[in-house]
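Below: the structure, in structure tokens.
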Amino acid sequence: MKMLKKMILTGIAIYVGSMASAHAGSLEQAKRIHDRLAGVPPDEEVLVLMMQDIDGGNPLTAAGRAMENDGFYNVTIKNWAAPWTNRDFDVFVPLNDYIATVVGLVRDSDQIDFREMLYGDHLYVADPALGLDAYENDNNDHYEQLEEGGYSLKDSLVYRSQSSVTGLPSDATAGVITSRAAAKAFFIAGTNRANFRFTLVNHLCMDLEQVHDVNRVPDRIRQDVSRSPGGDSRVFLNTCIGCHSGMDPMAQAFAYYDYIFDETDDPLGERGSIEYNTGPDDITGIRVQPKYFNNDATFPAGFRTADDSWVNYWRQGQNSVLGWDSTLPGQGGGVDATQGAASSMLQELAHSQAFASCQVNKVFKTVCLREPQDQADLDQISAMLTSFSSGGYNIKDVFAESAVYCSGN
């Protein structure tokens with residue numbers, strides 16, 4: 001009898017051991033997926049469900065469960081977007097309208113094409129039911145209260161049209177690029193070229209050096225650019241023209257924008273706000289912001305900005321490899337425009353293959369905690385780029401696919 005009991009217990013132990021061994025791989029993968037996406041371990045119930053998804057051949061479903069955790073939005077996505085909102089690429093900045101809108105668009109990316117981040121009339125604010133201070137154009141209090149309150153961004157953000165909240169005309173809105181945070185960082189002072197340059201860096205993953213092309217027509221380079229720096233015209237012809245011939249014609253789309261603040265009492269612009277000229281200035285009689293004429297005596301024969309019309313000269317030449325959308329006109333703005341100049345120019349950038357590739361690579365690095373290292377990584381990125389482009393530009397799918405891939409490598 002004792003022998004029989006021992007045999008039964010031994011059999012049970014062997015069976016349990018074999019089952020544990022069978023699930024060990026999926027259990028560990030489920031935990032890694034959750035850690036990569038949410039930054040925290042899953043609770044027992046979620047872990048079991050994720051393990052069952054993986055055992056059932058549905059690892060992407062398991063990743064979807066991980067993205068329901070508040071950590072995915074409050075930490076992973078916030079930290080992903082935060083460096084795009086400032087010139088220092090600082091991740092340790094308070095929540096703001098730029099970051100909140102990225103978080104909302106990620107959450108709702110099965111309903112809104114993620115490319116519209118750059119050009120849609122979109123904004124995310126805290127649910128009024130929370131009782132926070134309302135959004136104001138001249139401060140960031142609304143979002144800082146939301147963050148300091150420890151609220152779930154997944155559950156607390158609500159969608160609004162940007163124009164209905166900020167008062168900008170609908171055709172003057174352009175997604176996160178006309179958010180208060182972006183205006184404070186990139187429309188402040190300067191000549192508005194900064195907003196264009198940082199859009200390239202943050203959303204096409206390339207700086208001006210990568211699009212440098214001295215063979216484009218220089219007819220729209222502004223008056224503030226010397227044609228013979230230091231008395232040597234070769235510097236202009238071999239260096240300056242390479243960036244300005246492409247950048248200036250597109251940055252013209254921002255001709256009516258500025259960031260207004262009290263330079264004496266508020267030198268950092270903490271209480272400033274975005275300004276958009278809807279008509280000619282009472283004093284100057286022109287609609288273009290005065291900053292577009294800074295240092296206009298440097299080269300008086302240069303281009304003098306008359307309106308917000310823009311054109312993409314990079315559709316020809318070496319930068320055609322960025323994959324411009326042939327269904328778009330490649331130009332816009334001006335007095336006869338049917339779409340806002342900034343919106344149409346940023347749609348031009350967002351609909352390029354370079355934009356899609358940039359998003360996929362940024363997600364891969366965020367989730368996998370490394371750059372692509374070998375051919376297998378490059379093949380995975382290529383596959384994710386294809387699915388992103390053909391699947392309605394749902395960025396959550398890219399996060400899920402990256403987490404599944406990297407949890408097994």
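Letters A, B, ... go to the chains of the structure tokens in the order shown; residues in each chain start at 1; ligands are counted from 1 in the same order.
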
Give me, as JSON lines, the closest atom pair and its distance (Å, one decimal) for every residue of stretch 125-221 of chain A within a cut-off of 8 Å of stretch 62-75 of chain A, counting only C-alpha atoms, rows sorted by chain and rising number.
```
{"residue": "A:Ser152", "atom": "CA", "partner": "A:Asp70", "partner_atom": "CA", "distance": 5.9}
{"residue": "A:Leu153", "atom": "CA", "partner": "A:Asn74", "partner_atom": "CA", "distance": 5.9}
{"residue": "A:Lys154", "atom": "CA", "partner": "A:Tyr73", "partner_atom": "CA", "distance": 6.2}
```

Query - Residue neighbourhood A:Gln331, 8 Å, only C-alpha atoms, exclusion window fewer than 4 positions, as a VMD selection string - result: chain A and resid 309 to 312 344 to 345

Query raised in the report: Which residue out of A:Leu349, A:Ala376, A:Leu268, A:Ile221 has the minimum interatomic distance to A:Pro300 when only C-alpha atoms are used?
Result: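 Selected residue with least distance to A:Pro300: A:Ile221.
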
Report task. Rounded to one decimal place, report the atom CA of A:Asp258-atom CA of A:Arg180 distance in Å. Result ->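 If I compute the distance from atom CA of A:Asp258 to atom CA of A:Arg180, I get 10.8 Å.
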
Report task. Please indicate the distance in Å from atom CA of A:Phe261 to atom CA of A:Ser273, rounded to one decimal place. Result ->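 Separating atom CA of A:Phe261 from atom CA of A:Ser273 is a distance of 6.7 Å.
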
Query raised in the report: Quick one: DSSP alpha helix (DSSP H) residues in stretch 90-257 of chain A, as an MDAnalysis selection string?
Result: chainID A and resid 97:107 141:148 153:156 162:166 180:182 193:203 233:235 241:251

**Report entry** 10 Å contact set for A:Asn137, only C-alpha atoms, chain neighbours under 5 positions out, as a list of chain:residue names
**Finding:**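 After dropping sequence-adjacent residues, the list is A:Val165, A:Thr166, A:Gly167, A:Ser179, A:Arg180, A:Arg271, A:Gly272, A:Ser273, A:Ile274, A:Glu275.
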
Restricting the output to C-alpha atoms, write the selected residues as a short mmCIF file (atom, residue, chain, number, x, y, z; two decimals), in the first residue's frame.
```cif
data_model
loop_
_atom_site.label_atom_id
_atom_site.label_comp_id
_atom_site.auth_asym_id
_atom_site.auth_seq_id
_atom_site.Cartn_x
_atom_site.Cartn_y
_atom_site.Cartn_z
CA VAL A 165 -9.79 74.81 -26.45
CA THR A 166 -7.06 77.24 -27.47
CA GLY A 167 -9.03 79.59 -29.67
CA SER A 179 0.70 73.09 -28.87
CA ARG A 180 1.65 75.61 -26.21
CA ARG A 271 3.47 82.63 -18.74
CA GLY A 272 3.61 83.22 -22.47
CA SER A 273 1.25 82.01 -25.18
CA ILE A 274 1.19 81.16 -28.87
CA GLU A 275 0.19 83.94 -31.25
#
```

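Between atom CA of A:Leu204 and atom CA of A:Ala81 there is a distance of 13.9 Å.
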
Query raised in the report: Which one is closest to A:Asp141: A:Ser320, A:Thr199, A:Asn96, A:Thr173? Count only C-alpha atoms.
Result: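 Result for the nearest residue to A:Asp141: A:Asn96.
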
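Using only C-alpha atoms for every distance, the candidate list A:Asp281, A:Asp397, A:Asp219, A:Asp88 yields A:Asp219 as the residue closest to A:Ser245.
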
Query - Closest of A:Ser233, A:Ser352, A:Asn361, A:Thr239 to A:Val398 - atom-to-atom distances counting only C-alpha atoms - result: A:Asn361

Query raised in the report: What lies within 8 Å of stretch 124-134 of chain A using only C-alpha atoms, ignoring chain neighbours under 2 positions off, as a ChimeraX atom specification?
Result: /A:97,100-101,104,122,136,141-143,145-146,156-160

Report task. Please provide the set of residues having any atom within 9 Å of A:Thr178, restricted to only C-alpha atoms, with same-chain residues fewer than 5 positions apart removed, written as a list in words. Result ->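 Skipping anything fewer than 5 positions along the chain leaves Tyr98, Leu118, Tyr119, Gln162, Ala172, Thr173, Ala183, Tyr257, Ile274 and Ala342 of chain A.
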
I need the residues of stretch 301-344 of chain A that end up classed as strand (DSSP E or B) by DSSP on the backbone, written out as a PDB file with C-alpha atoms, in the first residue's frame.
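And here's result_1.pdb as it stands now:
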```pdb
ATOM      1  CA  PHE A 303      13.727  86.374 -50.385  1.00  0.00           C
ATOM      2  CA  TRP A 310       5.460  76.897 -48.832  1.00  0.00           C
ATOM      3  CA  VAL A 311       6.997  74.423 -51.269  1.00  0.00           C
ATOM      4  CA  GLN A 331       3.179  72.839 -51.667  1.00  0.00           C
ATOM      5  CA  GLY A 332       0.502  74.883 -49.953  1.00  0.00           C
TER       6      GLY A 332
END
```

**Report entry** Nearest to A:Thr278 by atom-to-atom distance, counting only C-alpha atoms, from A:Ala185, A:Ala354, A:Ala255, A:Ile33
**Finding:**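 Smallest separation from A:Thr278 among the options: A:Ala255.
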
Query raised in the report: From the set A:Ser326, A:Ala253, A:Gln29, A:Leu37, which residue has the shortest atom-to-atom contact distance to A:Ala400, counting only C-alpha atoms?
Result: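 Of all the options, A:Leu37 lies closest to A:Ala400.
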